[in-house]
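One file, protein.cif, carrying mmCIF, C-alpha atoms:
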data_target
#
loop_
_atom_site.label_atom_id
_atom_site.label_comp_id
_atom_site.auth_asym_id
_atom_site.auth_seq_id
_atom_site.Cartn_x
_atom_site.Cartn_y
_atom_site.Cartn_z
CA MET A 25 1.91 0.79 -6.52
CA LEU A 26 4.35 -1.05 -4.31
CA VAL A 27 2.81 -2.30 -1.05
CA ASP A 28 4.43 -4.02 1.92
CA ALA A 29 1.39 -6.21 2.60
CA ASP A 30 2.57 -7.36 6.05
CA TYR A 31 3.06 -3.77 7.19
CA LEU A 32 -0.27 -2.74 5.68
CA ASP A 33 -2.15 -5.55 7.44
CA ALA A 34 -0.51 -4.81 10.82
CA THR A 35 -1.33 -1.11 10.47
CA VAL A 36 -4.97 -1.87 9.64
CA PHE A 37 -5.20 -4.20 12.63
CA ASP A 38 -3.93 -1.44 14.93
CA LEU A 39 -6.47 1.00 13.49
CA ILE A 40 -9.32 -1.49 13.92
CA VAL A 41 -8.43 -2.14 17.57
CA ASN A 42 -8.10 1.55 18.40
CA PHE A 43 -11.20 2.72 16.53
CA GLU A 44 -13.40 -0.05 17.91
CA ARG A 45 -12.57 1.24 21.38
CA MET A 46 -13.00 4.89 20.41
CA LEU A 47 -16.24 4.46 18.48
CA GLY A 48 -17.77 1.71 20.60
CA ARG A 49 -18.63 -0.39 17.55
CA ARG A 50 -17.21 -3.26 15.56
CA ILE A 51 -15.06 -2.34 12.58
CA GLU A 52 -15.39 -4.78 9.69
CA GLN A 53 -12.59 -5.81 7.34
CA GLY A 54 -11.43 -3.14 4.95
CA ASP A 55 -12.53 -3.06 1.33
CA LEU A 56 -9.25 -3.56 -0.54
CA CYS A 57 -10.51 -2.20 -3.87
CA HIS A 58 -11.86 0.91 -2.15
CA TRP A 59 -8.50 1.38 -0.40
CA LEU A 60 -6.63 1.09 -3.70
CA ASP A 61 -8.92 3.74 -5.19
CA CYS A 62 -8.23 6.04 -2.23
CA ILE A 63 -4.47 5.52 -2.50
CA ALA A 64 -4.60 6.18 -6.23
CA LEU A 65 -6.55 9.41 -5.74
CA ASP A 66 -4.27 10.54 -2.89
CA GLY A 67 -1.34 9.78 -5.17
CA GLY A 68 -2.67 12.11 -7.86
CA LEU A 69 -4.36 9.71 -10.26
CA THR A 70 -7.29 11.26 -12.08
CA PRO A 71 -10.29 9.37 -13.48
CA GLY A 72 -9.73 7.89 -16.90
CA HIS A 73 -8.41 4.86 -18.70
CA ASN A 74 -5.38 4.39 -16.48
CA GLN A 75 -3.46 1.13 -16.15
CA VAL A 76 -2.44 0.63 -12.50
CA GLN A 77 -0.30 -2.26 -11.35
CA VAL A 78 -0.39 -3.12 -7.66
CA LEU A 79 2.46 -5.22 -6.27
CA PHE A 80 1.87 -6.79 -2.86
CA LEU A 81 5.04 -8.07 -1.16
CA HIS A 82 4.37 -10.45 1.73
CA SER A 83 6.10 -12.96 3.96
CA LYS A 84 6.23 -16.51 2.67
CA THR A 85 4.21 -17.79 5.64
CA LYS A 86 1.38 -15.32 5.09
CA GLU A 87 -1.25 -16.57 2.64
CA ARG A 88 -3.73 -13.73 3.01
CA LEU A 89 -4.41 -10.28 4.36
CA ASP A 90 -6.16 -10.70 7.71
CA ASN A 91 -7.97 -7.37 7.69
CA PHE A 92 -9.07 -6.82 4.08
CA ALA A 93 -11.37 -8.42 1.55
CA PRO A 94 -10.52 -9.73 -0.97
CA ALA A 95 -7.56 -11.13 0.91
CA HIS A 96 -6.03 -14.42 -0.28
CA PHE A 97 -2.84 -13.69 -2.21
CA ALA A 98 -2.80 -16.75 -4.49
CA THR A 99 -6.50 -17.09 -5.31
CA GLU A 100 -8.06 -13.64 -4.90
CA LEU A 101 -5.28 -11.14 -5.62
CA ASP A 102 -2.42 -12.47 -7.73
CA GLY A 103 -3.15 -11.95 -11.38
CA LYS A 104 -6.60 -10.53 -10.69
CA ALA A 105 -7.88 -7.15 -11.81
CA PHE A 106 -10.79 -4.78 -11.39
CA SER A 107 -11.90 -1.73 -13.33
CA ASP A 108 -13.68 1.40 -12.23
CA ASN A 109 -13.75 5.09 -13.12
CA LEU A 110 -10.00 5.41 -12.35
CA GLY A 111 -8.99 2.68 -14.78
CA GLU A 112 -7.90 -0.92 -14.52
CA PHE A 113 -6.08 -2.12 -11.41
CA THR A 114 -4.05 -5.31 -11.93
CA MET A 115 -2.83 -6.96 -8.74
CA HIS A 116 0.16 -9.21 -8.22
CA SER A 117 1.54 -10.77 -5.04
CA PHE A 118 5.10 -11.84 -4.33
CA ALA A 119 6.22 -13.86 -1.33
CA VAL A 120 9.57 -13.02 0.19
CA GLU A 121 11.85 -16.01 -0.27
CA SER A 122 14.40 -17.03 2.34
CA VAL A 123 17.37 -15.82 0.24
CA VAL A 124 16.68 -12.19 1.18
CA SER A 125 15.07 -10.35 4.09
CA ALA A 126 11.65 -8.74 3.67
CA ASP A 127 13.20 -5.28 4.03
CA GLU A 128 15.83 -5.99 1.37
CA PHE A 129 13.21 -7.45 -0.97
CA PHE A 130 11.13 -4.29 -0.60
CA ILE A 131 14.13 -2.01 -1.24
CA GLN A 132 15.25 -4.10 -4.23
CA SER A 133 11.72 -3.97 -5.66
CA LEU A 134 11.52 -0.21 -5.11
CA THR A 135 14.92 0.26 -6.76
CA THR A 136 13.79 -1.73 -9.80
CA LEU A 137 10.59 0.32 -10.10
CA CYS A 138 12.49 3.59 -9.68
CA ASP A 139 14.90 2.55 -12.47
CA ALA A 140 12.14 1.41 -14.88
CA LYS A 141 11.84 4.04 -17.60
CA GLU A 142 8.25 3.04 -18.53
CA ILE A 143 6.98 3.86 -15.03
CA LYS A 144 6.02 7.51 -14.73
CA HIS A 145 4.05 7.48 -11.48
CA LEU A 146 4.89 5.40 -8.42
CA MET A 147 3.03 5.04 -5.12
CA VAL A 148 4.84 3.43 -2.19
CA VAL A 149 3.41 1.91 1.01
CA GLY A 150 6.34 0.64 3.03
CA HIS A 151 7.34 0.22 6.65
CA MET A 152 8.56 3.78 7.19
CA GLN A 153 9.70 3.20 10.77
CA ARG A 154 12.23 0.64 9.52
CA LEU A 155 12.88 1.74 5.95
CA GLY A 156 11.92 5.41 5.81
CA GLN A 157 15.42 6.76 5.30
CA ARG A 158 16.21 4.25 2.57
CA ILE A 159 12.87 4.82 0.82
CA THR A 160 13.17 8.61 0.82
CA THR A 161 16.83 8.44 -0.30
CA LEU A 162 15.83 6.28 -3.29
CA CYS A 163 13.04 8.70 -4.15
CA ARG A 164 15.44 11.67 -4.01
CA GLN A 165 17.81 9.91 -6.41
CA THR A 166 15.07 9.11 -8.95
CA ASP A 167 14.55 11.57 -11.77
CA GLY A 168 11.53 11.86 -14.03
CA LYS A 169 8.99 10.07 -11.85
CA ASP A 170 6.09 11.36 -9.83
CA ILE A 171 6.49 9.43 -6.55
CA THR A 172 4.05 9.45 -3.63
CA VAL A 173 5.15 7.87 -0.35
CA PHE A 174 2.45 6.95 2.15
CA ALA A 175 3.13 6.95 5.88
CA MET A 176 1.20 7.23 9.12
CA GLU A 177 2.98 10.50 9.97
CA PRO A 178 3.62 13.54 7.76
CA LEU A 179 6.66 13.29 5.50
CA SER A 180 8.63 15.98 3.82
CA GLY A 181 11.55 15.81 1.47
CA ARG A 182 12.76 16.31 -2.03
CA GLY A 183 11.91 13.92 -4.88
CA PHE A 184 8.54 12.71 -3.60
CA THR A 185 5.20 13.77 -2.20
CA GLY A 186 4.22 12.51 1.24
CA GLU A 187 0.64 11.49 2.02
CA ILE A 188 -1.00 10.20 5.20
CA LEU A 189 -1.78 6.47 4.92
CA GLY A 190 -4.33 6.49 7.74
CA TYR A 191 -6.93 8.53 5.85
CA SER A 192 -7.29 5.98 3.05
CA LEU A 193 -7.34 3.11 5.55
CA MET A 194 -10.08 4.76 7.61
CA SER A 195 -12.16 5.21 4.47
CA ALA A 196 -11.65 1.55 3.47
CA LEU A 197 -12.72 0.49 6.99
CA GLY A 198 -15.93 2.53 6.76
CA ILE A 199 -14.92 5.04 9.44
CA LYS A 200 -16.54 8.41 8.78
CA GLY A 201 -15.12 11.74 9.86
CA SER A 202 -18.44 12.56 11.51
CA GLU A 203 -17.88 9.66 13.94
CA LEU A 204 -14.66 11.12 15.32
#

As structure tokens, what does this structure read like?
Amino acid sequence: MLVDADYLDATVFDLIVNFERMLGRRIEQGDLCHWLDCIALDGGLTPGHNQVQVLFLHSKTKERLDNFAPAHFATELDGKAFSDNLGEFTMHSFAVESVVSADEFFIQSLTTLCDAKEIKHLMVVGHMQRLGQRITTLCRQTDGKDITVFAMEPLSGRGFTGEILGYSLMSALGIKGSEL
């Protein structure tokens, strides 16, 4: 899984603000492990002894996710893992250095993952408003991988499956369909 952590956190913040108004109740921080499970399931992972690597890319000035727990990149996420019925999830975080923009770092990371022969299944959470065309073009040019791209709006295209990001985020935030 490749995750633009800054985009993810901003999207969760927007959902929290909107749903607190709609539901008339406080929305707590999202459960990051639960969200990763939801993303994995939406991306087609089935229960078993899977090995899932999660790569969080974030700005150098951001030390933590503001709207998830666990949240601190250096102490709670990087190099940490958890296991459940889907397998083992190993998390890594990478700060964007000043030699490249955050968007270029994301695209370079995605390109590397798309080119890696040992990776068979790839799930992508990127800033689709800014990078959507570049992300989908890379996915179209990648052969032999099962790629799922998550966005807040429906996606269609060749070379990947599109899934709605908001559903997994709502579940991680504890928002039930019956409340809507």

Nearest residue to Ala126 in chain A out of A:His145, A:Lys104, A:His82, A:Arg88, using all atoms listed in the file?
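Answer, going by the shortest atom-to-atom distance: A:His82.
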
Enumerate, as a PyMOL selection string, the residues matched when the PyMOL selection byres ((chain A and resi 57-66) around 10) is run on the file above.
chain A and resi 25+54-56+67-71+76+78+92-94+105-111+113+146-149+172+174+186-189+191-198

Taking only C-alpha atoms into account, which of A:Thr161, A:Ser83, A:Gln75, A:Ser202 comes nearest Gly183 in chain A?
A:Thr161

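Contact shell of His96 in chain A at 12 Å (all atoms listed in the file; same-chain neighbours under 6 positions omitted): A:Ala29, A:Leu56, A:Phe80, A:His82, A:Lys86, A:Glu87, A:Arg88, A:Leu89, A:Asp90, A:Asp102, A:Gly103, A:Lys104, A:Met115, A:His116, A:Ser117.
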
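A straight line drawn from CA of Met176 in chain A to CA of Ala34 in chain A is 12.3 Å long.
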
Separation of CA of Ile143 in chain A and CA of Gln77 in chain A, in Å?
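It comes out at 10.2 Å.
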
Find the distance between CA of Thr166 in chain A and CA of Leu179 in chain A and write it in Å to one decimal.
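We find that CA of Thr166 in chain A and CA of Leu179 in chain A lie 17.2 Å from each other.
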
Best match for closeness to Glu203 in chain A among A:Phe97, A:Asp33, A:Leu79, A:Gly48, counting only C-alpha atoms
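Of all the options, A:Gly48 lies closest to Glu203 in chain A.
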
Taking into account only C-alpha atoms, which residue in the set A:Thr114, A:Thr185, A:Asn74, A:Asn42 is nearest to Arg164 in chain A?
A:Thr185

Please provide the set of residues having any atom within 10 Å of Tyr31 in chain A, restricted to only C-alpha atoms, with same-chain residues fewer than 6 positions apart removed, written as a PDB file with C-alpha atoms, keeping the file's coordinate frame.
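Writing the result to around-v8.pdb gives the following:
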ATOM      1  CA  PHE A  37      -5.200  -4.200  12.630  1.00  0.00           C
ATOM      2  CA  LEU A  81       5.040  -8.070  -1.160  1.00  0.00           C
ATOM      3  CA  HIS A  82       4.370 -10.450   1.730  1.00  0.00           C
ATOM      4  CA  VAL A 149       3.410   1.910   1.010  1.00  0.00           C
ATOM      5  CA  GLY A 150       6.340   0.640   3.030  1.00  0.00           C
ATOM      6  CA  HIS A 151       7.340   0.220   6.650  1.00  0.00           C
ATOM      7  CA  MET A 152       8.560   3.780   7.190  1.00  0.00           C
TER       8      MET A 152
END

Give the answer as one residue: which of A:Val120, A:Arg158, A:Gln165, A:Gln53 has the shortest atom-to-atom distance to Ala95 in chain A, using all atoms listed in the file?
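Counting all atoms listed in the file, the residue closest to Ala95 in chain A is A:Gln53.
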
Using the partial input, fill out range 35-65 of chain A with N, CA and C atoms; write the result as a compact mmCIF listing (two decimals), in the frame of the given file.
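Dumped everything to part-v3.txt:
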# COMPACT_ATOMS: atom_id res chain seq x y z
N THR A 35 -0.86 -2.48 10.24
CA THR A 35 -1.33 -1.11 10.47
C THR A 35 -2.85 -1.07 10.53
N VAL A 36 -3.50 -1.81 9.64
CA VAL A 36 -4.97 -1.87 9.64
C VAL A 36 -5.47 -2.51 10.93
N PHE A 37 -4.81 -3.56 11.38
CA PHE A 37 -5.20 -4.20 12.63
C PHE A 37 -5.14 -3.20 13.79
N ASP A 38 -4.05 -2.44 13.87
CA ASP A 38 -3.93 -1.44 14.93
C ASP A 38 -5.05 -0.40 14.86
N LEU A 39 -5.37 0.03 13.65
CA LEU A 39 -6.47 1.00 13.49
C LEU A 39 -7.80 0.40 13.93
N ILE A 40 -8.07 -0.83 13.55
CA ILE A 40 -9.32 -1.49 13.92
C ILE A 40 -9.44 -1.56 15.44
N VAL A 41 -8.40 -2.02 16.11
CA VAL A 41 -8.43 -2.14 17.57
C VAL A 41 -8.68 -0.79 18.23
N ASN A 42 -7.96 0.22 17.79
CA ASN A 42 -8.10 1.55 18.40
C ASN A 42 -9.46 2.19 18.11
N PHE A 43 -9.93 2.08 16.87
CA PHE A 43 -11.20 2.72 16.53
C PHE A 43 -12.39 1.97 17.09
N GLU A 44 -12.29 0.66 17.25
CA GLU A 44 -13.40 -0.05 17.91
C GLU A 44 -13.57 0.45 19.34
N ARG A 45 -12.49 0.69 20.01
CA ARG A 45 -12.57 1.24 21.38
C ARG A 45 -13.12 2.67 21.37
N MET A 46 -12.59 3.48 20.47
CA MET A 46 -13.00 4.89 20.41
C MET A 46 -14.46 5.06 20.02
N LEU A 47 -14.89 4.28 19.04
CA LEU A 47 -16.24 4.46 18.48
C LEU A 47 -17.29 3.58 19.16
N GLY A 48 -16.84 2.60 19.91
CA GLY A 48 -17.77 1.71 20.60
C GLY A 48 -18.57 0.84 19.65
N ARG A 49 -17.97 0.49 18.51
CA ARG A 49 -18.63 -0.39 17.55
C ARG A 49 -17.59 -1.26 16.87
N ARG A 50 -18.10 -2.34 16.28
CA ARG A 50 -17.21 -3.26 15.56
C ARG A 50 -16.82 -2.65 14.22
N ILE A 51 -15.56 -2.78 13.88
CA ILE A 51 -15.06 -2.34 12.58
C ILE A 51 -14.84 -3.59 11.73
N GLU A 52 -15.50 -3.64 10.60
CA GLU A 52 -15.39 -4.78 9.69
C GLU A 52 -14.08 -4.71 8.91
N GLN A 53 -13.76 -5.79 8.20
CA GLN A 53 -12.59 -5.81 7.34
C GLN A 53 -12.66 -4.67 6.32
N GLY A 54 -11.50 -4.21 5.93
CA GLY A 54 -11.43 -3.14 4.95
C GLY A 54 -11.73 -3.64 3.55
N ASP A 55 -12.26 -2.77 2.73
CA ASP A 55 -12.53 -3.06 1.33
C ASP A 55 -11.25 -2.73 0.55
N LEU A 56 -10.54 -3.76 0.10
CA LEU A 56 -9.25 -3.56 -0.54
C LEU A 56 -9.35 -2.73 -1.81
N CYS A 57 -10.35 -2.96 -2.62
CA CYS A 57 -10.51 -2.20 -3.87
C CYS A 57 -10.78 -0.73 -3.57
N HIS A 58 -11.59 -0.48 -2.56
CA HIS A 58 -11.86 0.91 -2.15
C HIS A 58 -10.57 1.57 -1.67
N TRP A 59 -9.76 0.84 -0.89
CA TRP A 59 -8.50 1.38 -0.40
C TRP A 59 -7.57 1.71 -1.56
N LEU A 60 -7.49 0.82 -2.55
CA LEU A 60 -6.63 1.09 -3.70
C LEU A 60 -7.09 2.33 -4.46
N ASP A 61 -8.40 2.51 -4.58
CA ASP A 61 -8.92 3.74 -5.19
C ASP A 61 -8.49 4.98 -4.40
N CYS A 62 -8.61 4.90 -3.09
CA CYS A 62 -8.23 6.04 -2.23
C CYS A 62 -6.75 6.36 -2.37
N ILE A 63 -5.92 5.33 -2.35
CA ILE A 63 -4.47 5.52 -2.50
C ILE A 63 -4.17 6.16 -3.86
N ALA A 64 -4.82 5.65 -4.89
CA ALA A 64 -4.60 6.18 -6.23
C ALA A 64 -4.97 7.66 -6.30
N LEU A 65 -6.12 8.00 -5.74
CA LEU A 65 -6.55 9.41 -5.74
C LEU A 65 -5.60 10.27 -4.91
